[in-house]
Each structure stands twice: as C-alpha cells, then as structure tokens.
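**Student:** Below: one structure in structure tokens.
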Amino acid sequence: GQDRKNSVITGHPKFDLYRKNYRSFFADEVDSIKNRFSKSILIDTMYTLANHCYGGEYAHSILSDISDMHDRILETEEWAYQYQILGKMVLLAVKLSDKFKDWNIVIRPHPGEDIKIYEELCLNIDNIFVENKGPVSPWILASSVLIHNNCSTAIEANIGEIPVISYDPVPYANKVNIANHSGILCTSEREVFDVINKINENKEELTSNCFATEDKDMLLNISKNSFDSFDLTVSAIDKSILELPKKSIVPSTVSLKIIELNIFEISFWSKDC
C-alpha cells in the first residue's frame with residue numbers, strides 16, 4: 001500500500017556506531033573505563049518485571065491491569081522467568097568473581113531496573129561493580145566479554161567485535177532469539193567458565209554468530225557489511241524534503257520516530273510560505 005511505498009528500510013543507526021569507522025566516537029569514555037577496569041566481564045541485565053525501578057507494586061499492577069487472560073498468562077510467565085534468570089545472573093556474577101579473581105565483574109542493570117538489589121547482593125565483593133551511569137555503548141566497547149540473556153546490547157557488542165556469551169540456563173519459549181543468537185550459547189555456569197578461559201587464552205574467536213535468515217530480515221545492520229544506516233537515513237530525509245510541494249510549504253522541523261527495530265517514521269512540521 002501507500003505506507004509501504006513511502007517506507008525505507010535503513011537499519012538502526014545506533015548499531016552502526018559499533019562499526020570500526022564510528023567507534024572513535026566513544027574513544028575517550030572507553031579509555032576512561034579501561035583505565036579503571038583493565039580486564040572486565042560486563043553483565044547486562046533487563047529484568048524490569050521482576051525488579052522494576054518503581055518497585056514491585058508497580059510491576060505487579062502491570063500484570064493485574066491485563067484483562068485478556070491469554071495475554072495475562074503470557075506476561076505472568078515472563079514475570080516468573082525474569083525472577084529465575086535474575087537470580088541465576090547474580091549467582092553467576094558471584095561465582096565468576098571467585099573463579100576469575102584478576103577480572104572485574106561489572107553488572108549493568110537496565111535503566112528501568114532497581115539497582116539496589118544488585119548492590120546489596122554483591123556487597124563486599126571487591127571485584128564486582130554495579131554501574132548504571134551514562135550510555136551503555138562505551139561500557140560494551142571497553143569490556144573484554146559481555147554476558148547477557150536476551151538483551152539487545154549483545155547485538156551491539158557483536159557488531160563491535162566484543163566476545164558475547166548468551167547465558168540461557170532457564171528454558172523459556174517466549175524469548176526473542178535474535179539477541180541470544182549474537183553470541184556463544186551457554187546453558188550452564190561450567191560452559192561460561194570454559195568460554196572465558198578460552199577468551200583469556202586468546203583461543204576463542206572474537207565473535208560467534210549464528211544469526212538465522214529471519215534475524216537478518218529483522219535487522220539490516222547484521223545482514224550487510226557494506227552499508228551505512230546513517231547515510232541511508234539521511235538520504236531518505238533528503239529525498240522526502242525534495243519531494244515536498246515547494247510552493248505551499250517549507251519544512252521548519254524534521255523528526256525521526258522509531259516505529260520498530262529497523263523502521264523509522266519521518267514527520268515534518270511546516271509553515272506556509
């Protein structure tokens with residue numbers, strides 16, 4: 001239809017920042033983090049239903065407000081899963097801190113999470129740090145390896161050539177696999193330890209990706225290496241501006257709205273000539 005005709009698939013410009021030609025954008029911040037943590041394991045979490053920054057009551061109200069029973073069951077399954085995986089991630093962090101004493105373990109909670117639970121559970125462990133200041137990008141690029149479960153930062157790390165471990169110890173059907181496909185899949189603590197040992201010995205490839213065809217269809221950034229999302233996005237904006245009726249309106253403001261992972265909506269606020 002008309003909407004498809006006026007749509008342009010550009011990929012996500014944010015993900016392109018991890019390519020070699022743009023990484024210098026974060027250079028100062030990356031150097032600062034590396035000076036603080038010479039060798040680090042970054043653990044990214046995103047468990048807002050189990051650990052919402054507004055507290056449990058707010059998260060529970062999200063569930064109780066769902067009127068459709070099918071949707072409520074699915075969301076409650078997600079809530080139960082997040083509680084399990086949060087505990088597994090914290091336990092993994094504590095064990096990593098003991099097994100790899102010369103590494104720094106950095107836990108980076110999602111902005112929508114309560115940071116206190118991680119601070120309290122990891123209190124008095126010298127090589128575990130809980131950080132949530134600033135953008136995540138420099139932390140990813142400064143890390144020696146990223147550990148996650150179903151988090152989009154894994155895609156960013158993969159593009160940035162940072163080793164990724166997709167830690168998946170709890171079976172769960174309703175996850176978006178594109179993120180977990182970004183790294184080396186580990187379902188046990190032992191498997192995680194083995195991969196880190198290989199990375200430590202420089203025997204592991206920088207990145208391991210098993211992106212499926214449908215993953216590449218979802219995100220153009222991982223389907224092609226010789227393109228630039230920024231250029232495609234700017235070109236789409238330029239083309240849209242050129243096609244505006246020249247006699248009746250002049251664009252005064254342009255906004256870019258993310259509709260989905262790789263779809264943007266370009267809007268114009270205009271004034272009469």
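Ligands are numbered from 1 in the order shown, residues from 1 within each chain, and chains are lettered A, B, ... in the order they appear in the structure tokens.
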Can you pull out the residues contacting stretch 48-56 of chain A? Cut-off 7 Å, using only C-alpha atoms, and skip same-chain residues under 5 positions away; I want them as a ChimeraX atom specification.
**Tutor:** /A:79,82-83,112-114
**Student:** For the selection just defined, write its residues with C-alpha atoms to a file, as a PDB file, in the first residue's frame.
**Tutor:**
```pdb
ATOM      1  CA  TRP A  79       7.473 -12.237  35.244  1.00  0.00           C
ATOM      2  CA  GLN A  82      12.653 -12.915  34.964  1.00  0.00           C
ATOM      3  CA  TYR A  83      12.736 -13.779  38.660  1.00  0.00           C
ATOM      4  CA  GLY A 112      14.122   0.521  34.227  1.00  0.00           C
ATOM      5  CA  GLU A 113      15.518  -1.727  36.971  1.00  0.00           C
ATOM      6  CA  ASP A 114      16.184  -1.048  40.649  1.00  0.00           C
TER       7      ASP A 114
END
```
**Student:** Considering only C-alpha atoms, return as a PyMOL selection string whatever protein or nucleic-acid residues lie within 12 Å of A:Leu185, sequence-local ones (same chain, fewer than 3 positions apart) excluded.
**Tutor:** chain A and resi 147-150+154+163-169+177+179-182+188-189+191-192+194-195+207-210
**Student:** Take the residues that were just selected and, keeping C-alpha atoms, output them as a PDB file, in the first residue's frame.
**Tutor:**
```
ATOM      1  CA  ILE A 147      27.315 -11.772  29.240  1.00  0.00           C
ATOM      2  CA  HIS A 148      23.582 -11.347  28.733  1.00  0.00           C
ATOM      3  CA  ASN A 149      20.287 -13.102  28.290  1.00  0.00           C
ATOM      4  CA  ASN A 150      18.004 -11.870  25.535  1.00  0.00           C
ATOM      5  CA  ALA A 154      24.512  -8.370  22.660  1.00  0.00           C
ATOM      6  CA  PRO A 163      33.002 -11.548  22.590  1.00  0.00           C
ATOM      7  CA  VAL A 164      29.435 -12.318  23.656  1.00  0.00           C
ATOM      8  CA  ILE A 165      28.156 -15.085  25.914  1.00  0.00           C
ATOM      9  CA  SER A 166      24.426 -15.729  25.756  1.00  0.00           C
ATOM     10  CA  TYR A 167      23.751 -17.290  29.168  1.00  0.00           C
ATOM     11  CA  ASP A 168      20.492 -19.207  28.914  1.00  0.00           C
ATOM     12  CA  PRO A 169      20.134 -21.525  31.941  1.00  0.00           C
ATOM     13  CA  ASN A 177      16.198 -15.230  19.822  1.00  0.00           C
ATOM     14  CA  ALA A 179      19.766 -11.318  20.790  1.00  0.00           C
ATOM     15  CA  ASN A 180      20.811 -14.750  22.036  1.00  0.00           C
ATOM     16  CA  HIS A 181      21.995 -15.623  18.520  1.00  0.00           C
ATOM     17  CA  SER A 182      24.545 -12.813  18.860  1.00  0.00           C
ATOM     18  CA  SER A 188      25.427 -23.809  32.468  1.00  0.00           C
ATOM     19  CA  GLU A 189      27.962 -22.000  34.641  1.00  0.00           C
ATOM     20  CA  GLU A 191      30.147 -23.642  29.943  1.00  0.00           C
ATOM     21  CA  VAL A 192      30.520 -19.935  30.765  1.00  0.00           C
ATOM     22  CA  ASP A 194      35.130 -22.641  29.768  1.00  0.00           C
ATOM     23  CA  VAL A 195      34.426 -19.869  27.234  1.00  0.00           C
ATOM     24  CA  THR A 207      32.571 -13.114  17.979  1.00  0.00           C
ATOM     25  CA  SER A 208      30.391 -16.106  17.336  1.00  0.00           C
ATOM     26  CA  ASN A 209      27.190 -15.524  15.477  1.00  0.00           C
ATOM     27  CA  CYS A 210      24.600 -17.909  14.259  1.00  0.00           C
TER      28      CYS A 210
END
```
**Student:** Set the distance at 12 Å and use only C-alpha atoms: which residues neighbour A:Asp28 once local chain neighbours fewer than 2 positions away are removed? I'd like the list as a list in words.
**Tutor:**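 Those residues are Arg23, Ser24, Phe25, Phe26, Val30, Asp31, Ser32, Ile33, Lys34, Asn35, Ser137, Pro138, Trp139, Leu141 and Ala142 of chain A.
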**Student:** For A:Phe193, list every protein, DNA or RNA residue within 12 Å, evaluated using only C-alpha atoms, and leave out those in the same chain fewer than 5 positions away; present the list as a list of chain:residue names.
**Tutor:**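 Within the cut-off, the hits are A:Ile41, A:Leu92, A:Ala93, A:Lys95, A:Leu96, A:Ser97, A:Asp98, A:Lys99, A:Phe100, A:Val145, A:Ile147, A:Ile165, A:Tyr167, A:Cys186, A:Thr187, A:Ser188, A:Lys198, A:Ile199, A:Asn200.
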**Student:** Generate a file of the selected residues that holds N, CA, C and O atoms, formatted as a compact mmCIF listing (two decimals), in the first residue's frame.
**Tutor:**
```
# COMPACT_ATOMS: atom_id res chain seq x y z
N ILE A 41 34.43 -8.24 32.74
CA ILE A 41 33.28 -9.00 32.24
C ILE A 41 32.05 -8.13 32.48
O ILE A 41 31.73 -7.80 33.62
N LEU A 92 25.78 -16.28 39.02
CA LEU A 92 26.90 -16.40 38.08
C LEU A 92 27.95 -15.33 38.35
O LEU A 92 29.16 -15.61 38.36
N ALA A 93 27.51 -14.08 38.58
CA ALA A 93 28.44 -12.98 38.84
C ALA A 93 29.29 -13.28 40.08
O ALA A 93 30.52 -13.07 40.08
N LYS A 95 30.01 -16.21 41.41
CA LYS A 95 30.93 -17.32 41.14
C LYS A 95 32.07 -16.88 40.22
O LYS A 95 33.22 -17.32 40.38
N LEU A 96 31.75 -16.03 39.24
CA LEU A 96 32.80 -15.51 38.36
C LEU A 96 33.83 -14.70 39.15
O LEU A 96 35.03 -14.77 38.89
N SER A 97 33.34 -13.93 40.11
CA SER A 97 34.25 -13.09 40.91
C SER A 97 35.23 -13.94 41.71
O SER A 97 36.36 -13.52 41.98
N ASP A 98 34.80 -15.13 42.10
CA ASP A 98 35.66 -16.03 42.87
C ASP A 98 36.60 -16.82 41.97
O ASP A 98 37.77 -17.02 42.29
N LYS A 99 36.10 -17.23 40.81
CA LYS A 99 36.91 -18.06 39.92
C LYS A 99 37.92 -17.23 39.12
O LYS A 99 39.02 -17.70 38.82
N PHE A 100 37.54 -16.01 38.77
CA PHE A 100 38.42 -15.15 37.97
C PHE A 100 38.74 -13.91 38.79
O PHE A 100 38.25 -12.81 38.53
N VAL A 145 34.50 -9.12 27.60
CA VAL A 145 33.45 -10.05 27.18
C VAL A 145 32.13 -9.54 27.76
O VAL A 145 32.10 -8.97 28.85
N ILE A 147 28.23 -10.67 28.92
CA ILE A 147 27.32 -11.77 29.24
C ILE A 147 25.91 -11.19 29.35
O ILE A 147 25.71 -10.15 29.98
N ILE A 165 28.67 -13.82 25.37
CA ILE A 165 28.16 -15.09 25.91
C ILE A 165 26.67 -14.90 26.16
O ILE A 165 26.26 -14.01 26.92
N TYR A 167 23.96 -16.36 28.05
CA TYR A 167 23.75 -17.29 29.17
C TYR A 167 22.27 -17.58 29.28
O TYR A 167 21.46 -16.70 29.58
N CYS A 186 25.53 -20.53 26.17
CA CYS A 186 25.93 -21.35 27.32
C CYS A 186 24.70 -21.57 28.18
O CYS A 186 23.99 -20.62 28.52
N THR A 187 24.45 -22.81 28.55
CA THR A 187 23.29 -23.12 29.38
C THR A 187 23.68 -23.49 30.81
O THR A 187 22.81 -23.77 31.63
N SER A 188 24.97 -23.48 31.12
CA SER A 188 25.43 -23.81 32.47
C SER A 188 26.58 -22.90 32.86
O SER A 188 27.25 -22.30 32.00
N LYS A 198 38.89 -19.71 27.48
CA LYS A 198 39.37 -19.68 26.11
C LYS A 198 39.64 -18.25 25.65
O LYS A 198 40.63 -17.97 24.97
N ILE A 199 38.76 -17.33 26.03
CA ILE A 199 38.98 -15.92 25.70
C ILE A 199 40.24 -15.42 26.40
O ILE A 199 41.06 -14.71 25.82
N ASN A 200 40.42 -15.82 27.64
CA ASN A 200 41.58 -15.42 28.43
C ASN A 200 42.87 -15.92 27.81
O ASN A 200 43.92 -15.29 27.93
```
**Student:** Which one of A:Tyr172, A:Met46, A:Ile196, A:Ile237 sits closest to A:Ala80 if you count only C-alpha atoms?
**Tutor:**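 Using only C-alpha atoms, the shortest distance to A:Ala80 belongs to A:Tyr172.
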**Student:** Pick out each residue of stretch 31-173 of chain A that DSSP on the backbone tags as strand (DSSP E or B); I need them as a list in words.
**Tutor:** Ser40, Ile41, Leu42, Ile43, Asp44, His52, Asn104, Ile105, Val106, Ile107, Arg108, Glu113, Ile128, Phe129, Val130, Val145, Leu146, Ile147, His148, Val164, Ile165, Ser166 and Tyr167 of chain A
**Student:** Just want the 10 Å neighbourhood of A:Thr76, counted on only C-alpha atoms, with same-chain residues fewer than 4 positions away dropped. Output as a PyMOL selection string.
**Tutor:** chain A and resi 49+60+62-64+70-72+80-82
**Student:** Quick one, how far is atom CA of A:Ile105 from atom CA of A:Ser38?
**Tutor:**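 It comes out at 11.1 Å.
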